[in-house]
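Everything below belongs to upload-v1.txt, which stores compact mmCIF, C-alpha atoms and all ligand atoms.
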# COMPACT_ATOMS: atom_id res chain seq x y z
CA MET A 1 0.00 0.00 0.00
CA ALA A 2 1.54 3.33 -1.00
CA LEU A 3 1.19 5.95 1.72
CA VAL A 4 2.34 9.13 0.13
CA ALA A 5 -0.33 11.81 0.07
CA GLY A 6 0.31 14.78 2.35
CA MET A 7 -1.93 17.35 4.06
CA ARG A 8 -0.81 20.54 5.77
CA VAL A 9 -2.22 21.20 9.24
CA GLY A 10 -0.70 24.34 10.73
CA SER A 11 3.01 23.82 10.32
CA ARG A 12 2.59 20.05 10.09
CA VAL A 13 2.45 18.01 6.96
CA LEU A 14 0.45 14.95 7.83
CA PHE A 15 0.39 12.00 5.58
CA ARG A 16 -3.01 10.66 4.66
CA PRO A 17 -2.99 6.87 4.76
CA TRP A 18 -6.63 6.91 3.71
CA ALA A 19 -6.01 8.99 0.58
CA TRP A 20 -6.73 5.96 -1.57
CA LEU A 21 -10.15 5.40 0.02
CA PRO A 22 -13.34 6.27 -1.88
CA GLY A 23 -14.40 9.81 -0.96
CA ALA A 24 -10.91 10.89 -0.03
CA ALA A 25 -11.05 13.58 -2.67
CA LEU A 26 -14.09 15.20 -1.01
CA GLY A 27 -13.68 18.51 0.77
CA ARG A 28 -13.21 18.28 4.55
CA LYS A 29 -16.71 19.61 5.35
CA GLU A 30 -18.46 17.37 2.88
CA SER A 31 -16.56 14.30 3.87
CA ALA A 32 -17.10 15.04 7.57
CA ALA A 33 -20.84 15.40 6.96
CA ARG A 34 -21.00 12.16 4.99
CA GLY A 35 -18.81 10.40 7.48
CA ARG A 36 -20.73 11.62 10.55
CA VAL A 37 -20.47 8.91 13.11
CA GLY A 38 -23.98 8.92 14.60
CA ALA A 39 -25.16 6.49 17.24
CA ARG A 40 -24.39 3.27 15.40
CA GLY A 41 -21.02 1.69 15.87
CA PHE A 42 -18.52 1.92 13.08
CA GLY A 43 -14.98 0.97 12.56
CA SER A 44 -12.93 -1.33 10.52
CA GLN A 45 -11.66 -4.83 10.68
CA ARG A 46 -9.09 -4.02 13.36
CA VAL A 47 -10.56 -1.01 15.17
CA LEU A 48 -14.05 -1.12 16.65
CA VAL A 49 -15.70 2.16 17.54
CA GLU A 50 -18.68 2.21 19.88
CA PRO A 51 -20.04 5.76 19.88
CA ASP A 52 -22.23 7.27 22.58
CA PRO A 53 -23.21 10.57 20.95
CA ALA A 54 -25.43 11.59 23.86
CA ALA A 55 -22.45 11.43 26.20
CA GLY A 56 -20.10 12.87 23.56
CA ILE A 57 -17.73 9.96 23.83
CA ALA A 58 -16.71 6.85 21.94
CA VAL A 59 -15.04 3.65 23.05
CA MET A 60 -12.36 2.58 20.61
CA LYS A 61 -11.32 -1.07 20.82
CA LEU A 62 -8.22 -2.45 19.16
CA LYS A 63 -9.10 -5.80 17.64
CA SER A 64 -6.14 -7.31 15.89
CA PRO A 65 -5.70 -10.77 17.42
CA PRO A 66 -3.83 -12.34 18.93
CA VAL A 67 -1.96 -9.42 20.55
CA ASN A 68 -2.87 -6.13 18.83
CA SER A 69 0.64 -5.76 17.45
CA LEU A 70 0.77 -2.49 15.55
CA SER A 71 0.92 -3.63 11.95
CA LEU A 72 0.78 -1.11 9.11
CA GLU A 73 -2.88 -2.04 8.63
CA LEU A 74 -3.75 -1.51 12.29
CA LEU A 75 -1.89 1.83 12.37
CA THR A 76 -3.74 2.97 9.26
CA GLU A 77 -7.18 1.95 10.52
CA PHE A 78 -6.43 3.52 13.91
CA VAL A 79 -5.62 6.90 12.31
CA ILE A 80 -8.71 6.78 10.12
CA SER A 81 -11.04 6.10 13.08
CA LEU A 82 -9.36 8.79 15.12
CA GLU A 83 -9.76 11.32 12.33
CA LYS A 84 -13.41 10.46 11.93
CA LEU A 85 -14.09 11.14 15.59
CA GLU A 86 -11.93 14.29 15.63
CA ASN A 87 -13.93 15.67 12.68
CA ASP A 88 -17.31 15.04 14.27
CA LYS A 89 -18.10 17.83 16.72
CA THR A 90 -20.39 15.47 18.66
CA PHE A 91 -17.37 13.80 20.22
CA ARG A 92 -15.25 15.22 23.02
CA GLY A 93 -13.54 12.13 24.33
CA ILE A 94 -12.37 8.61 23.50
CA ILE A 95 -11.79 5.65 25.76
CA LEU A 96 -9.10 3.54 24.21
CA THR A 97 -9.04 -0.14 25.09
CA SER A 98 -8.43 -3.64 23.74
CA ASP A 99 -10.73 -6.30 22.40
CA CYS A 100 -7.98 -8.94 22.71
CA PRO A 101 -8.13 -10.74 26.05
CA GLY A 102 -5.10 -10.17 28.25
CA VAL A 103 -3.24 -7.82 25.91
CA PHE A 104 -3.72 -4.08 25.43
CA SER A 105 -1.13 -4.03 22.63
CA ALA A 106 2.12 -5.95 22.11
CA GLY A 107 3.61 -2.80 20.59
CA LEU A 108 5.09 -2.43 17.15
CA ASP A 109 4.65 -5.42 14.93
CA LEU A 110 7.99 -7.19 14.85
CA MET A 111 7.11 -8.73 11.49
CA GLU A 112 7.02 -5.21 10.00
CA MET A 113 10.58 -4.65 11.20
CA CYS A 114 12.12 -7.97 10.17
CA GLY A 115 13.32 -9.09 6.77
CA LYS A 116 11.70 -6.25 4.80
CA ASN A 117 13.24 -3.68 2.46
CA PRO A 118 14.19 -0.07 3.33
CA ALA A 119 11.16 1.36 1.52
CA HIS A 120 8.88 -0.76 3.68
CA TYR A 121 10.67 0.27 6.87
CA ALA A 122 10.33 3.93 5.85
CA GLU A 123 6.61 3.58 5.12
CA TYR A 124 6.07 1.73 8.37
CA TRP A 125 7.96 4.25 10.49
CA LYS A 126 6.09 7.16 8.92
CA ALA A 127 2.83 5.49 9.94
CA VAL A 128 4.12 5.03 13.52
CA GLN A 129 5.10 8.70 13.67
CA GLU A 130 1.72 9.73 12.29
CA LEU A 131 -0.28 7.82 14.88
CA TRP A 132 1.84 9.24 17.70
CA LEU A 133 1.48 12.82 16.45
CA ARG A 134 -2.27 12.49 16.08
CA LEU A 135 -2.76 10.92 19.49
CA TYR A 136 -0.32 13.17 21.31
CA LEU A 137 -1.86 16.38 19.97
CA SER A 138 -5.48 15.21 19.90
CA ASN A 139 -8.03 17.81 20.95
CA LEU A 140 -10.19 15.05 22.37
CA VAL A 141 -9.85 13.74 25.90
CA LEU A 142 -8.14 10.37 25.59
CA ILE A 143 -8.41 7.87 28.43
CA ALA A 144 -6.57 4.55 28.19
CA ALA A 145 -8.48 1.66 29.76
CA ILE A 146 -5.57 -0.77 29.89
CA ASN A 147 -7.01 -4.25 30.13
CA GLY A 148 -3.92 -6.28 29.34
CA ALA A 149 -0.15 -6.35 28.88
CA CYS A 150 1.16 -3.08 27.55
CA PRO A 151 4.80 -3.26 26.41
CA ALA A 152 6.82 -0.92 24.16
CA GLY A 153 4.66 0.66 21.42
CA GLY A 154 1.54 -0.34 23.40
CA CYS A 155 2.87 1.62 26.35
CA LEU A 156 3.69 4.54 24.04
CA ILE A 157 0.09 4.69 22.86
CA SER A 158 -1.20 4.70 26.42
CA LEU A 159 1.29 7.46 27.32
CA THR A 160 -0.20 9.72 24.66
CA CYS A 161 -3.52 9.55 26.52
CA ASP A 162 -4.52 12.11 29.12
CA TYR A 163 -5.16 9.48 31.79
CA ARG A 164 -4.38 5.76 32.23
CA VAL A 165 -6.45 3.21 34.16
CA LEU A 166 -4.74 -0.19 34.49
CA ALA A 167 -6.38 -3.47 35.45
CA ASP A 168 -4.85 -5.00 38.57
CA ASN A 169 -3.37 -8.21 37.20
CA PRO A 170 0.32 -9.09 37.66
CA LYS A 171 0.51 -10.18 34.02
CA TYR A 172 -0.48 -6.73 32.82
CA VAL A 173 2.96 -5.17 32.79
CA ILE A 174 3.62 -1.80 31.19
CA GLY A 175 6.79 -0.05 30.04
CA LEU A 176 9.19 0.76 27.24
CA ASN A 177 11.20 -2.48 27.07
CA GLU A 178 13.00 -1.80 23.77
CA THR A 179 16.49 -2.42 25.16
CA LEU A 180 15.47 -6.01 25.96
CA LEU A 181 15.05 -6.52 22.21
CA GLY A 182 18.45 -4.95 21.51
CA ILE A 183 16.83 -1.85 20.03
CA VAL A 184 16.66 1.75 21.18
CA ALA A 185 13.54 3.77 21.88
CA PRO A 186 13.68 6.87 19.66
CA PHE A 187 13.85 10.32 21.24
CA TRP A 188 10.12 10.97 20.99
CA PHE A 189 9.28 7.74 22.81
CA LYS A 190 11.74 8.86 25.48
CA ASP A 191 10.31 12.39 25.61
CA THR A 192 6.78 11.04 26.04
CA LEU A 193 7.95 8.93 28.96
CA VAL A 194 9.98 11.73 30.57
CA ASN A 195 6.96 14.04 30.32
CA THR A 196 4.95 11.45 32.24
CA ILE A 197 7.26 10.02 34.91
CA GLY A 198 10.23 12.38 35.02
CA HIS A 199 13.84 12.17 33.94
CA ARG A 200 15.51 9.96 36.54
CA THR A 201 12.78 7.31 36.60
CA SER A 202 12.73 7.29 32.79
CA GLU A 203 16.49 6.91 32.60
CA ARG A 204 16.39 3.79 34.76
CA ALA A 205 13.23 2.40 33.14
CA LEU A 206 14.53 2.89 29.59
CA GLN A 207 18.03 1.55 30.12
CA LEU A 208 16.79 -1.53 31.95
CA GLY A 209 13.74 -1.96 29.72
CA ILE A 210 11.57 -2.28 32.81
CA LEU A 211 8.06 -3.67 32.43
CA PHE A 212 6.29 -2.49 35.56
CA PRO A 213 3.58 -4.57 37.22
CA PRO A 214 0.49 -2.57 38.25
CA ALA A 215 1.47 -1.47 41.79
CA GLU A 216 4.90 -0.27 40.63
CA ALA A 217 3.46 1.36 37.51
CA LEU A 218 1.16 3.34 39.78
CA GLN A 219 4.00 4.21 42.14
CA VAL A 220 6.23 5.65 39.39
CA GLY A 221 3.32 7.47 37.75
CA MET A 222 3.26 5.39 34.58
CA VAL A 223 -0.48 4.92 35.20
CA ASP A 224 -2.90 7.08 37.15
CA LYS A 225 -5.14 4.43 38.66
CA VAL A 226 -5.07 0.66 39.22
CA VAL A 227 -8.45 -1.01 39.67
CA PRO A 228 -9.87 -4.55 39.66
CA GLU A 229 -10.18 -5.83 36.12
CA ASP A 230 -13.98 -5.67 36.05
CA GLN A 231 -13.89 -1.99 36.99
CA VAL A 232 -11.53 -0.70 34.30
CA GLN A 233 -14.26 0.42 31.93
CA SER A 234 -16.51 2.00 34.56
CA THR A 235 -13.55 3.81 36.11
CA ALA A 236 -12.49 5.12 32.71
CA LEU A 237 -16.05 6.41 32.19
CA SER A 238 -16.16 8.24 35.50
CA VAL A 239 -12.70 9.74 34.91
CA MET A 240 -13.92 10.84 31.49
CA ALA A 241 -16.91 12.61 33.06
CA GLN A 242 -14.54 14.58 35.27
CA TRP A 243 -12.33 15.62 32.34
CA LEU A 244 -15.36 16.57 30.25
CA SER A 245 -16.58 18.88 33.00
CA ILE A 246 -13.78 21.26 32.00
CA PRO A 247 -14.53 23.72 29.17
CA ASP A 248 -13.03 22.24 26.00
CA HIS A 249 -11.24 25.34 24.74
CA ALA A 250 -9.38 25.92 28.02
CA ARG A 251 -8.44 22.27 28.39
CA GLN A 252 -7.37 21.92 24.76
CA LEU A 253 -5.19 25.03 24.84
CA THR A 254 -3.61 23.85 28.05
CA LYS A 255 -2.93 20.40 26.62
CA ASN A 256 -1.39 21.96 23.54
CA MET A 257 0.77 24.24 25.67
CA MET A 258 2.07 21.22 27.60
CA ARG A 259 2.71 18.99 24.57
CA LYS A 260 3.46 21.11 21.52
CA ALA A 261 7.20 21.52 22.07
CA THR A 262 7.62 17.75 22.36
CA ALA A 263 5.60 17.09 19.21
CA ASP A 264 7.37 19.88 17.30
CA ARG A 265 10.72 18.21 17.90
CA LEU A 266 9.55 15.27 15.81
CA VAL A 267 7.65 17.38 13.26
CA LYS A 268 10.86 19.30 12.54
CA GLN A 269 12.88 16.18 11.89
CA ARG A 270 10.47 13.57 10.62
CA ASP A 271 12.52 12.69 7.57
CA SER A 272 15.79 12.34 9.43
CA ASP A 273 14.02 10.29 12.10
CA ILE A 274 12.77 7.96 9.36
CA GLN A 275 16.24 7.68 7.85
CA ASN A 276 17.68 6.99 11.27
CA PHE A 277 15.13 4.22 11.87
CA VAL A 278 15.68 2.66 8.44
CA GLY A 279 19.46 2.68 8.88
CA PHE A 280 19.23 1.24 12.37
CA ILE A 281 16.67 -1.47 11.71
CA SER A 282 18.40 -2.59 8.49
CA ARG A 283 21.63 -3.44 10.29
CA ASP A 284 22.43 -7.15 10.29
CA SER A 285 23.10 -7.12 14.04
CA ILE A 286 19.69 -5.55 14.76
CA GLN A 287 17.89 -7.95 12.45
CA LYS A 288 19.61 -10.83 14.28
CA SER A 289 18.54 -9.46 17.68
CA LEU A 290 14.94 -9.17 16.54
CA GLN A 291 14.97 -12.70 15.12
CA VAL A 292 16.34 -14.04 18.40
CA TYR A 293 13.64 -12.18 20.33
CA LEU A 294 10.90 -13.48 18.03
CA GLY A 295 12.30 -17.00 18.42
CA LYS A 296 12.11 -16.66 22.22
CA LEU A 297 8.51 -15.46 21.99
CA ARG A 298 7.59 -18.47 19.88
CA GLN A 299 9.53 -20.92 22.09
CA LYS A 300 7.72 -19.65 25.18
CA LYS A 301 4.71 -21.60 23.97
CA GLY A 302 6.37 -24.90 23.21
C1 LIG A 401 16.03 4.21 16.00
C2 LIG A 401 14.81 3.56 16.54
C3 LIG A 401 14.88 2.10 16.36
C4 LIG A 401 14.00 1.24 16.77
C5 LIG A 401 12.79 1.54 17.55
C6 LIG A 401 11.76 0.47 17.37
C7 LIG A 401 10.76 0.54 18.45
C8 LIG A 401 10.03 -0.52 18.76
C9 LIG A 401 9.04 -0.52 19.82
C10 LIG A 401 8.22 -1.79 19.90
O1 LIG A 401 7.07 -1.71 20.17
S1 LIG A 401 9.01 -3.28 19.56
C11 LIG A 401 7.83 -4.52 20.05
C12 LIG A 401 8.09 -4.88 21.49
N1 LIG A 401 7.07 -5.76 21.97
C13 LIG A 401 7.30 -6.68 22.87
O2 LIG A 401 8.38 -6.85 23.37
C14 LIG A 401 6.13 -7.55 23.25
C15 LIG A 401 6.35 -8.96 22.80
N2 LIG A 401 5.20 -9.80 23.13
C16 LIG A 401 4.95 -10.27 24.35
O3 LIG A 401 5.66 -10.01 25.31
C17 LIG A 401 3.76 -11.17 24.50
O4 LIG A 401 3.38 -11.60 23.22
C18 LIG A 401 2.55 -10.49 25.18
C19 LIG A 401 2.87 -10.28 26.68
C20 LIG A 401 2.20 -9.17 24.54
C21 LIG A 401 1.33 -11.44 25.08
O5 LIG A 401 1.65 -12.70 25.57
P1 LIG A 401 0.75 -13.96 25.18
O6 LIG A 401 -0.68 -13.61 25.35
O7 LIG A 401 1.29 -15.12 25.95
O8 LIG A 401 0.95 -14.14 23.61
P2 LIG A 401 2.20 -14.81 22.85
O9 LIG A 401 3.47 -14.31 23.43
O10 LIG A 401 1.99 -16.27 22.80
O11 LIG A 401 2.06 -14.17 21.40
C22 LIG A 401 1.07 -14.63 20.48
C23 LIG A 401 1.62 -14.51 19.08
O12 LIG A 401 1.88 -13.13 18.82
C24 LIG A 401 3.23 -12.96 18.42
N3 LIG A 401 3.69 -11.63 18.89
C25 LIG A 401 3.77 -11.18 20.14
N4 LIG A 401 4.19 -9.93 20.17
C26 LIG A 401 4.40 -9.55 18.89
C27 LIG A 401 4.85 -8.37 18.27
N5 LIG A 401 5.17 -7.26 18.98
N6 LIG A 401 4.96 -8.33 16.94
C28 LIG A 401 4.63 -9.41 16.20
N7 LIG A 401 4.20 -10.58 16.73
C29 LIG A 401 4.08 -10.65 18.06
C30 LIG A 401 3.96 -14.09 19.09
O13 LIG A 401 5.19 -14.36 18.47
C31 LIG A 401 2.96 -15.21 18.93
O14 LIG A 401 3.06 -15.64 17.59
P3 LIG A 401 2.90 -17.19 17.20
O15 LIG A 401 3.14 -17.23 15.72
O16 LIG A 401 3.94 -17.92 17.98
O17 LIG A 401 1.50 -17.54 17.60
Written as structure tokens, how would this file's structure read?
Ligand SMILES: CC/C=C\CC/C=C/CC(=O)SCCNC(=O)CCNC(=O)[C@H](O)C(C)(C)COP(=O)(O)OP(=O)(O)OC[C@H]1O[C@@H](n2cnc3c(N)ncnc32)[C@H](O)[C@@H]1OP(=O)(O)O
Amino acid sequence: MALVAGMRVGSRVLFRPWAWLPGAALGRKESAARGRVGARGFGSQRVLVEPDPAAGIAVMKLKSPPVNSLSLELLTEFVISLEKLENDKTFRGIILTSDCPGVFSAGLDLMEMCGKNPAHYAEYWKAVQELWLRLYLSNLVLIAAINGACPAGGCLISLTCDYRVLADNPKYVIGLNETLLGIVAPFWFKDTLVNTIGHRTSERALQLGILFPPAEALQVGMVDKVVPEDQVQSTALSVMAQWLSIPDHARQLTKNMMRKATADRLVKQRDSDIQNFVGFISRDSIQKSLQVYLGKLRQKKG
């Protein structure tokens, strides 16, 4: 799939993974009107959206079994659903959760980073950047209802949210564990973590690739609340009500003030960040590390 079309938003040029879809040539207003979400659920194969227009919120469920690894397809569908909700003034908040039992998201799809060519790596990384930028700067209130394990890219997604509720299950670990795979979290992963838990804790967590169990995740501030598993959704809903009690314009401007500098760092160097990723991931030694890691994952079963 060629992902090349670009769209300027403020100083940002966003790529439009959906540019090939029917209706993509419509003007923004027309396409928003046609694409109005309404009360019925919508979504795609890998992203379910359950809207509640009366409450002004939608529950977005990642559904890419077995582990919601962030394939190019999932990233693309995620961005499309997000855009649809952003463009519909009915919606003020999204609860982001998983439809895959026991896993929020296994992070970036290792198959997208193994044994492919540089053009594929570049396309893939651009899609990862795009999702992060859209989530991190979203005007909507985003609450992560983390109902499963949440390593690496899964953790990154949850860190872009405004609030994280984690189910209290020792298997549901969360963190940026890239070093355990022999790879390095890029600067914007690191910045997102530092903005959430501070410099010293991030330094230790990143170098050691720590996956925090719930109590520790709460203690370091990686999540905001830990609740019994059957209360994750209801807690996310009541937290959402609190966030939605704040006037949108004031909250949105404040969010932007807190996050813009971090996002701008990537916006200013998207191309070099892509080149850096492609160069790094193409190295034989890195490919070997990833293969070893994948092998261990598969062996775990046998
Ligand atoms: C310059 C910058 C350079 C590089 C930066 C790159 C940044 C990368 C960030 C990332 O996100 S890398 C991905 C890191 N992810 C992980 O380390 C998680 C690995 N997975 C797990 O730990 C476990 O799968 C789980 C705890 C999420 C779930 O455990 P469980 O329910 O027991 O499932 P299985 O382990 O049996 O997995 C089922 C199936 O899925 C495959 N799989 C798991 N994770 C991934 C993945 N991230 N990508 C692709 N495939 C994955 C696993 O191999 C199994 O496959 P089978 O074929 O054996 O069924």
Using all atoms listed in the file, which protein or nucleic acid residues are at most 6 Å from ligand LIG 401 (chain A), as an NGL selection string? :A and (66-67 or 69 or 103 or 106-111 or 149 or 151-153 or 178 or 183-186 or 276-277 or 280 or 294 or 297-298)
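The space between CA of Leu206 in chain A and CA of Met113 in chain A spans 20.3 Å.
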Just give me the residues with any atom within 7 Å of (-2.9, 3.8, 27.6), file coordinates, counting only C-alpha atoms, written as a count of residues only. 10
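Nearest-residue note for Glu123 in chain A: choosing from A:Ile57, A:Leu96, A:Leu75, A:Leu137, the minimum distance belongs to A:Leu75, counting all atoms listed in the file.
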Between CA of Lys255 in chain A and CA of Asn195 in chain A, measure the distance and give it in Å to one decimal.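 Taking CA of Lys255 in chain A and CA of Asn195 in chain A, their separation equals 12.3 Å.
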Counting all atoms listed in the file, which of A:Cys114, A:Leu72, A:Val47, A:Leu211 gets nearest to Lys171 in chain A? A:Leu211
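For the pair CA of Val128 in chain A and CA of Lys89 in chain A, the separation is 25.8 Å.
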Please return the centre and edge lengths, in Å to one decimal, of a box with edges along x, y and z that contains all listed atoms of range 233-249 of chain A, widened by 4 Å on every side, as AutoDock Vina command-line options.
--center_x -14.1 --center_y 12.9 --center_z 30.4 --size_x 13.7 --size_y 32.9 --size_z 19.4
Please identify all polymer residues within 12 Å of Gln269 in chain A, counting all atoms listed in the file, omitting same-chain residues fewer than 4 positions from it, and present them as an NGL selection string. :A and (12-13 or 126 or 129 or 187-188 or 262-265 or 273-276)
Selected residue of minimal separation from Thr254 in chain A among A:Pro101, A:Leu193, A:Asn139, A:Leu70, counting all atoms listed in the file: A:Asn139
Given only C-alpha atoms as the counted atoms, nearest of A:Lys84, A:Arg92, A:Lys63, A:His199 to Met240 in chain A: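 Ranked by minimum distance to Met240 in chain A, first place goes to A:Arg92.
Of the listed residues (A:Ser71, A:Ser289, A:Thr90, A:Gln233), A:Thr90 comes nearest to Pro51 in chain A; the distances count all atoms listed in the file.
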Contacts of Ser98 in chain A at 6 Å (all atoms listed in the file; same-chain gap of 2+ positions) as a ChimeraX atom specification: /A:61-62,100,104
Quick one: of A:Glu77, A:Glu50, A:Glu216, A:Asp191, who's nearest to Lys260 in chain A, counting all atoms listed in the file?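 For Lys260 in chain A, the nearest of the candidates is A:Asp191.
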List the spatial neighbours of Trp243 in chain A as a PyMOL selection string - criterion: any atom at most 9 Å away, only C-alpha atoms, same-chain residues fewer than 5 positions off excluded. chain A and resi 93+141+238+251
